[in-house]
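Visitor: Here it is, the structure, as structure tokens.
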Amino acid sequence: MSVESLMLRSAAALLVVVVQVEAVMFHLSPNQRKCLKEEIHKDVLVTGEYTLSEGPGQTASLKVTDSKGHVLYNKEDAVKGKFAFTTEEYDMFEICFESHLPSGSGHSAEREVFLRMKRGVEAKNYADIAKAEKLKPMEVELKKLEDLSESIVNDFAYMRAREEEMRDTNESTHSRVLYFSIFSMCCLLALASWQVLYLRRYFKAKKLIE
């Protein structure tokens, strides 16, 4: 076995292990709205492919939005198609399917919705990249590994940043709790001292003590 073949097999195995494709299937009743939410990092390519089964008298719409309400994709009378967008920042994204059945249309069956999503390396079309840049098969696999490595490094950097943020939050909370505890103890000591002085003056006024 040549070195090139071995590297190609190793690269393919690594991509299969690390890269995951999300595929879901669910049922959509008439005049029902169902949404899927997912957190996605910054500068990540996201593609989706959807198919809806037939529903007599029904229409369905598909809308993809971010947490700020920006519409990234909108399709009326969605039956089958694809969508793609690149995230500009880390955010929560929502993919919503909504079924519409006019009133008086009678009963209609549920529709099956199939959704297949890809992110990052898996979402890229390396066949088109190879044609555009005239890459050899070995170079394409190396390009995939390079993109995959960059994605992993970015994920670790994000997790490290979140860990530092959580640690700073914990330290800040601990300091606040400590200061509040000290303040509470000072208040209790001041209140106890005032009560002792007040009772002492009261008893002296009643000539119960000298």
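Naming works like this for the structure tokens: A, B, ... for the chains as they're shown, residue 1 at the start of each chain, ligands 1 onward in shown order.
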Could you make a table, as CSV, of the residues of range 57-87 of chain A that have an atom within 10 Å of an atom of range 31-43 of chain A, each with its nearest atom pair and distance in Å to one decimal, counting only C-alpha atoms, in chain and number order?
Guide:
```
residue,atom,partner,partner_atom,distance
A:Gln58,CA,A:Asn31,CA,8.7
A:Thr59,CA,A:Asn31,CA,9.3
A:Ala60,CA,A:Asn31,CA,8.9
A:Ser61,CA,A:Arg33,CA,9.4
A:Leu62,CA,A:Cys35,CA,9.6
A:Lys63,CA,A:Cys35,CA,9.3
A:Val64,CA,A:Cys35,CA,9.4
A:Thr65,CA,A:Lys37,CA,9.7
A:Asp66,CA,A:Lys37,CA,9.4
A:Ser67,CA,A:Lys37,CA,9.9
A:Phe85,CA,A:Asp43,CA,9.7
A:Thr86,CA,A:Asp43,CA,6.0
A:Thr87,CA,A:Asp43,CA,5.0
```
Visitor: Write out as a list in words which residues come within 12 Å of range 150-159 of chain A when counting only C-alpha atoms, dropping same-chain ones fewer than 6 positions away.
Guide: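 Returned residues: Leu15, Val18, Val19, Ile40, His41, Lys42, Asp43, Val44, Leu45, Tyr90, Arg119, Gly120, Val121, Glu122, Lys143, Lys144, Glu165 and Met166 of chain A.
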Visitor: Those same residues, written as a PDB file, in the first residue's frame with N, CA, C and O atoms?
Guide:
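Generated file (out07.pdb):
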```pdb
ATOM      1  N   LEU A  15     -12.344  11.940   9.176  1.00  0.00           N
ATOM      2  CA  LEU A  15     -13.520  12.744   8.845  1.00  0.00           C
ATOM      3  C   LEU A  15     -14.805  12.020   9.258  1.00  0.00           C
ATOM      4  O   LEU A  15     -15.752  12.638   9.747  1.00  0.00           O
ATOM      5  N   VAL A  18     -15.085  12.305  13.209  1.00  0.00           N
ATOM      6  CA  VAL A  18     -15.272  13.624  13.817  1.00  0.00           C
ATOM      7  C   VAL A  18     -16.502  14.346  13.302  1.00  0.00           C
ATOM      8  O   VAL A  18     -17.264  14.935  14.048  1.00  0.00           O
ATOM      9  N   VAL A  19     -16.713  14.312  11.968  1.00  0.00           N
ATOM     10  CA  VAL A  19     -17.780  15.101  11.370  1.00  0.00           C
ATOM     11  C   VAL A  19     -19.111  14.388  11.534  1.00  0.00           C
ATOM     12  O   VAL A  19     -19.222  13.195  11.281  1.00  0.00           O
ATOM     13  N   ILE A  40     -24.826  27.846  17.197  1.00  0.00           N
ATOM     14  CA  ILE A  40     -23.795  27.648  16.184  1.00  0.00           C
ATOM     15  C   ILE A  40     -22.740  28.735  16.342  1.00  0.00           C
ATOM     16  O   ILE A  40     -23.060  29.897  16.614  1.00  0.00           O
ATOM     17  N   HIS A  41     -21.473  28.351  16.145  1.00  0.00           N
ATOM     18  CA  HIS A  41     -20.372  29.291  16.295  1.00  0.00           C
ATOM     19  C   HIS A  41     -20.347  30.319  15.167  1.00  0.00           C
ATOM     20  O   HIS A  41     -21.085  30.220  14.185  1.00  0.00           O
ATOM     21  N   LYS A  42     -19.449  31.274  15.313  1.00  0.00           N
ATOM     22  CA  LYS A  42     -19.271  32.335  14.320  1.00  0.00           C
ATOM     23  C   LYS A  42     -18.552  31.802  13.083  1.00  0.00           C
ATOM     24  O   LYS A  42     -17.715  30.915  13.169  1.00  0.00           O
ATOM     25  N   ASP A  43     -18.904  32.375  11.915  1.00  0.00           N
ATOM     26  CA  ASP A  43     -18.264  32.057  10.629  1.00  0.00           C
ATOM     27  C   ASP A  43     -18.335  30.570  10.292  1.00  0.00           C
ATOM     28  O   ASP A  43     -17.359  29.955   9.859  1.00  0.00           O
ATOM     29  N   VAL A  44     -19.510  29.987  10.484  1.00  0.00           N
ATOM     30  CA  VAL A  44     -19.720  28.569  10.174  1.00  0.00           C
ATOM     31  C   VAL A  44     -20.744  28.463   9.041  1.00  0.00           C
ATOM     32  O   VAL A  44     -21.812  29.069   9.103  1.00  0.00           O
ATOM     33  N   LEU A  45     -20.389  27.717   8.026  1.00  0.00           N
ATOM     34  CA  LEU A  45     -21.314  27.473   6.921  1.00  0.00           C
ATOM     35  C   LEU A  45     -22.325  26.405   7.339  1.00  0.00           C
ATOM     36  O   LEU A  45     -21.945  25.336   7.820  1.00  0.00           O
ATOM     37  N   TYR A  90     -21.613  34.063  16.978  1.00  0.00           N
ATOM     38  CA  TYR A  90     -22.167  32.951  17.759  1.00  0.00           C
ATOM     39  C   TYR A  90     -23.585  33.316  18.190  1.00  0.00           C
ATOM     40  O   TYR A  90     -23.828  34.377  18.767  1.00  0.00           O
ATOM     41  N   ARG A 119     -22.935  21.151   8.888  1.00  0.00           N
ATOM     42  CA  ARG A 119     -22.243  22.347   9.380  1.00  0.00           C
ATOM     43  C   ARG A 119     -20.751  22.232   9.108  1.00  0.00           C
ATOM     44  O   ARG A 119     -20.189  21.136   9.101  1.00  0.00           O
ATOM     45  N   GLY A 120     -20.130  23.388   8.943  1.00  0.00           N
ATOM     46  CA  GLY A 120     -18.679  23.438   8.855  1.00  0.00           C
ATOM     47  C   GLY A 120     -18.124  22.665   7.682  1.00  0.00           C
ATOM     48  O   GLY A 120     -18.523  22.847   6.532  1.00  0.00           O
ATOM     49  N   VAL A 121     -17.191  21.754   7.964  1.00  0.00           N
ATOM     50  CA  VAL A 121     -16.488  20.998   6.926  1.00  0.00           C
ATOM     51  C   VAL A 121     -17.459  20.180   6.088  1.00  0.00           C
ATOM     52  O   VAL A 121     -17.360  20.132   4.869  1.00  0.00           O
ATOM     53  N   GLU A 122     -18.415  19.534   6.727  1.00  0.00           N
ATOM     54  CA  GLU A 122     -19.347  18.670   6.015  1.00  0.00           C
ATOM     55  C   GLU A 122     -20.229  19.458   5.057  1.00  0.00           C
ATOM     56  O   GLU A 122     -20.696  18.931   4.041  1.00  0.00           O
ATOM     57  N   LYS A 143      -7.030  19.282   2.178  1.00  0.00           N
ATOM     58  CA  LYS A 143      -7.834  20.489   2.383  1.00  0.00           C
ATOM     59  C   LYS A 143      -8.932  20.227   3.407  1.00  0.00           C
ATOM     60  O   LYS A 143      -9.198  21.061   4.286  1.00  0.00           O
ATOM     61  N   LYS A 144      -9.557  19.052   3.323  1.00  0.00           N
ATOM     62  CA  LYS A 144     -10.581  18.690   4.304  1.00  0.00           C
ATOM     63  C   LYS A 144      -9.983  18.615   5.705  1.00  0.00           C
ATOM     64  O   LYS A 144     -10.572  19.108   6.673  1.00  0.00           O
ATOM     65  N   GLU A 165     -14.731  32.520  31.137  1.00  0.00           N
ATOM     66  CA  GLU A 165     -15.882  33.346  31.491  1.00  0.00           C
ATOM     67  C   GLU A 165     -16.609  32.786  32.710  1.00  0.00           C
ATOM     68  O   GLU A 165     -16.993  33.542  33.619  1.00  0.00           O
ATOM     69  N   MET A 166     -16.792  31.463  32.732  1.00  0.00           N
ATOM     70  CA  MET A 166     -17.441  30.830  33.881  1.00  0.00           C
ATOM     71  C   MET A 166     -16.604  30.991  35.145  1.00  0.00           C
ATOM     72  O   MET A 166     -17.147  31.246  36.231  1.00  0.00           O
TER      73      MET A 166
END
```
Visitor: Got a sec: who's within 12 Å of Ala130 in chain A, counting only C-alpha atoms, leaving out chain neighbours fewer than 3 positions off, as a ChimeraX atom specification?
Guide: /A:124-127,133-144
Visitor: Figure out the distance between CA of Thr169 in chain A and CA of Ile182 in chain A, please, to one decimal in Å.
Guide: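 Distance reported for this atom pair: 20.0 Å.
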Visitor: Which residues in chain A does DSSP call strand (DSSP E)? List them as number ranges by chain.
Guide: A: 22-28, 33-40, 45-52, 59-65, 71-75, 80-86, 91-100, 111-119
Visitor: Take the residues that were just selected and, keeping C-alpha atoms, output them as a PDB file, in the first residue's frame.
Guide:
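Below is the file result.pdb, written as the result:
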```pdb
ATOM      1  CA  GLU A  22     -27.771  16.028  11.748  1.00  0.00           C
ATOM      2  CA  ALA A  23     -30.909  14.453  10.283  1.00  0.00           C
ATOM      3  CA  VAL A  24     -34.355  14.510  11.866  1.00  0.00           C
ATOM      4  CA  MET A  25     -37.863  13.440  10.939  1.00  0.00           C
ATOM      5  CA  PHE A  26     -41.044  14.602  12.635  1.00  0.00           C
ATOM      6  CA  HIS A  27     -44.761  14.950  11.979  1.00  0.00           C
ATOM      7  CA  LEU A  28     -46.489  18.266  11.346  1.00  0.00           C
ATOM      8  CA  ARG A  33     -45.845  25.154  13.994  1.00  0.00           C
ATOM      9  CA  LYS A  34     -42.720  23.264  15.032  1.00  0.00           C
ATOM     10  CA  CYS A  35     -39.266  24.735  15.517  1.00  0.00           C
ATOM     11  CA  LEU A  36     -35.763  23.407  16.021  1.00  0.00           C
ATOM     12  CA  LYS A  37     -33.153  25.502  17.830  1.00  0.00           C
ATOM     13  CA  GLU A  38     -29.400  25.165  17.741  1.00  0.00           C
ATOM     14  CA  GLU A  39     -26.388  27.144  18.904  1.00  0.00           C
ATOM     15  CA  ILE A  40     -23.795  27.648  16.184  1.00  0.00           C
ATOM     16  CA  LEU A  45     -21.314  27.473   6.921  1.00  0.00           C
ATOM     17  CA  VAL A  46     -24.680  25.774   7.488  1.00  0.00           C
ATOM     18  CA  THR A  47     -26.641  23.939   4.809  1.00  0.00           C
ATOM     19  CA  GLY A  48     -29.974  22.200   5.025  1.00  0.00           C
ATOM     20  CA  GLU A  49     -32.079  19.952   2.840  1.00  0.00           C
ATOM     21  CA  TYR A  50     -35.759  19.391   3.571  1.00  0.00           C
ATOM     22  CA  THR A  51     -38.645  17.320   2.206  1.00  0.00           C
ATOM     23  CA  LEU A  52     -42.306  17.380   3.215  1.00  0.00           C
ATOM     24  CA  THR A  59     -49.404  24.382   2.439  1.00  0.00           C
ATOM     25  CA  ALA A  60     -46.321  24.760   4.565  1.00  0.00           C
ATOM     26  CA  SER A  61     -43.767  27.489   5.147  1.00  0.00           C
ATOM     27  CA  LEU A  62     -40.170  27.345   6.303  1.00  0.00           C
ATOM     28  CA  LYS A  63     -38.346  30.165   8.064  1.00  0.00           C
ATOM     29  CA  VAL A  64     -34.815  30.321   9.473  1.00  0.00           C
ATOM     30  CA  THR A  65     -34.081  33.143  11.922  1.00  0.00           C
ATOM     31  CA  VAL A  71     -34.649  36.164   8.577  1.00  0.00           C
ATOM     32  CA  LEU A  72     -31.893  34.064   7.005  1.00  0.00           C
ATOM     33  CA  TYR A  73     -34.174  31.957   4.832  1.00  0.00           C
ATOM     34  CA  ASN A  74     -37.884  32.086   4.090  1.00  0.00           C
ATOM     35  CA  LYS A  75     -39.884  29.795   1.826  1.00  0.00           C
ATOM     36  CA  LYS A  80     -38.685  20.198  -1.111  1.00  0.00           C
ATOM     37  CA  GLY A  81     -35.556  22.272  -1.281  1.00  0.00           C
ATOM     38  CA  LYS A  82     -32.255  23.405   0.160  1.00  0.00           C
ATOM     39  CA  PHE A  83     -30.995  26.408   2.088  1.00  0.00           C
ATOM     40  CA  ALA A  84     -27.615  27.694   3.176  1.00  0.00           C
ATOM     41  CA  PHE A  85     -26.232  30.533   5.271  1.00  0.00           C
ATOM     42  CA  THR A  86     -23.014  31.533   7.032  1.00  0.00           C
ATOM     43  CA  ASP A  91     -25.928  32.794  18.171  1.00  0.00           C
ATOM     44  CA  MET A  92     -29.011  30.671  18.645  1.00  0.00           C
ATOM     45  CA  PHE A  93     -30.680  29.855  15.341  1.00  0.00           C
ATOM     46  CA  GLU A  94     -34.254  28.670  14.872  1.00  0.00           C
ATOM     47  CA  ILE A  95     -35.662  26.614  12.007  1.00  0.00           C
ATOM     48  CA  CYS A  96     -39.455  26.642  11.924  1.00  0.00           C
ATOM     49  CA  PHE A  97     -41.932  24.676   9.807  1.00  0.00           C
ATOM     50  CA  GLU A  98     -45.567  25.814   9.848  1.00  0.00           C
ATOM     51  CA  SER A  99     -48.504  24.058   8.241  1.00  0.00           C
ATOM     52  CA  HIS A 100     -51.498  25.992   6.892  1.00  0.00           C
ATOM     53  CA  ARG A 111     -47.259  15.601   7.064  1.00  0.00           C
ATOM     54  CA  GLU A 112     -43.852  14.039   7.515  1.00  0.00           C
ATOM     55  CA  VAL A 113     -40.958  16.478   7.570  1.00  0.00           C
ATOM     56  CA  PHE A 114     -37.436  15.297   6.803  1.00  0.00           C
ATOM     57  CA  LEU A 115     -34.611  17.700   7.579  1.00  0.00           C
ATOM     58  CA  ARG A 116     -30.921  17.055   7.014  1.00  0.00           C
ATOM     59  CA  MET A 117     -28.425  19.671   8.173  1.00  0.00           C
ATOM     60  CA  LYS A 118     -24.681  19.974   7.721  1.00  0.00           C
ATOM     61  CA  ARG A 119     -22.243  22.347   9.380  1.00  0.00           C
TER      62      ARG A 119
END
```
Visitor: What does the structure give for the distance between CA of Leu178 in chain A and CA of Val196 in chain A, in Å to one decimal?
Guide: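 Atom-to-atom, CA of Leu178 in chain A and CA of Val196 in chain A are spaced 27.1 Å apart.
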Visitor: Could you go through range 92-193 of chain A and tell me which residues DSSP, when run on the backbone, assigns to helix (DSSP H, G or I), listing them as JSON, numbers by chain?
Guide: {"A": [120, 121, 122, 123, 126, 127, 128, 129, 130, 131, 132, 133, 137, 138, 139, 140, 141, 142, 143, 144, 145, 146, 147, 148, 149, 150, 151, 152, 153, 154, 155, 156, 157, 158, 159, 160, 161, 162, 163, 164, 165, 166, 167, 168, 169, 170, 171, 172, 173, 174, 175, 176, 177, 178, 179, 180, 181, 182, 183, 184, 185, 186, 187, 188, 189, 190, 191, 192, 193]}
Visitor: Contacts of Ser103 in chain A at 12 Å or less, counting only C-alpha atoms, minus same-chain residues fewer than 2 places along, as a count of residues only?
Guide: 10
Visitor: Record the distance separating CA of Pro102 in chain A and CA of Val79 in chain A, expressed in Å with one decimal.
Guide: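 Distance reported for this atom pair: 17.4 Å.
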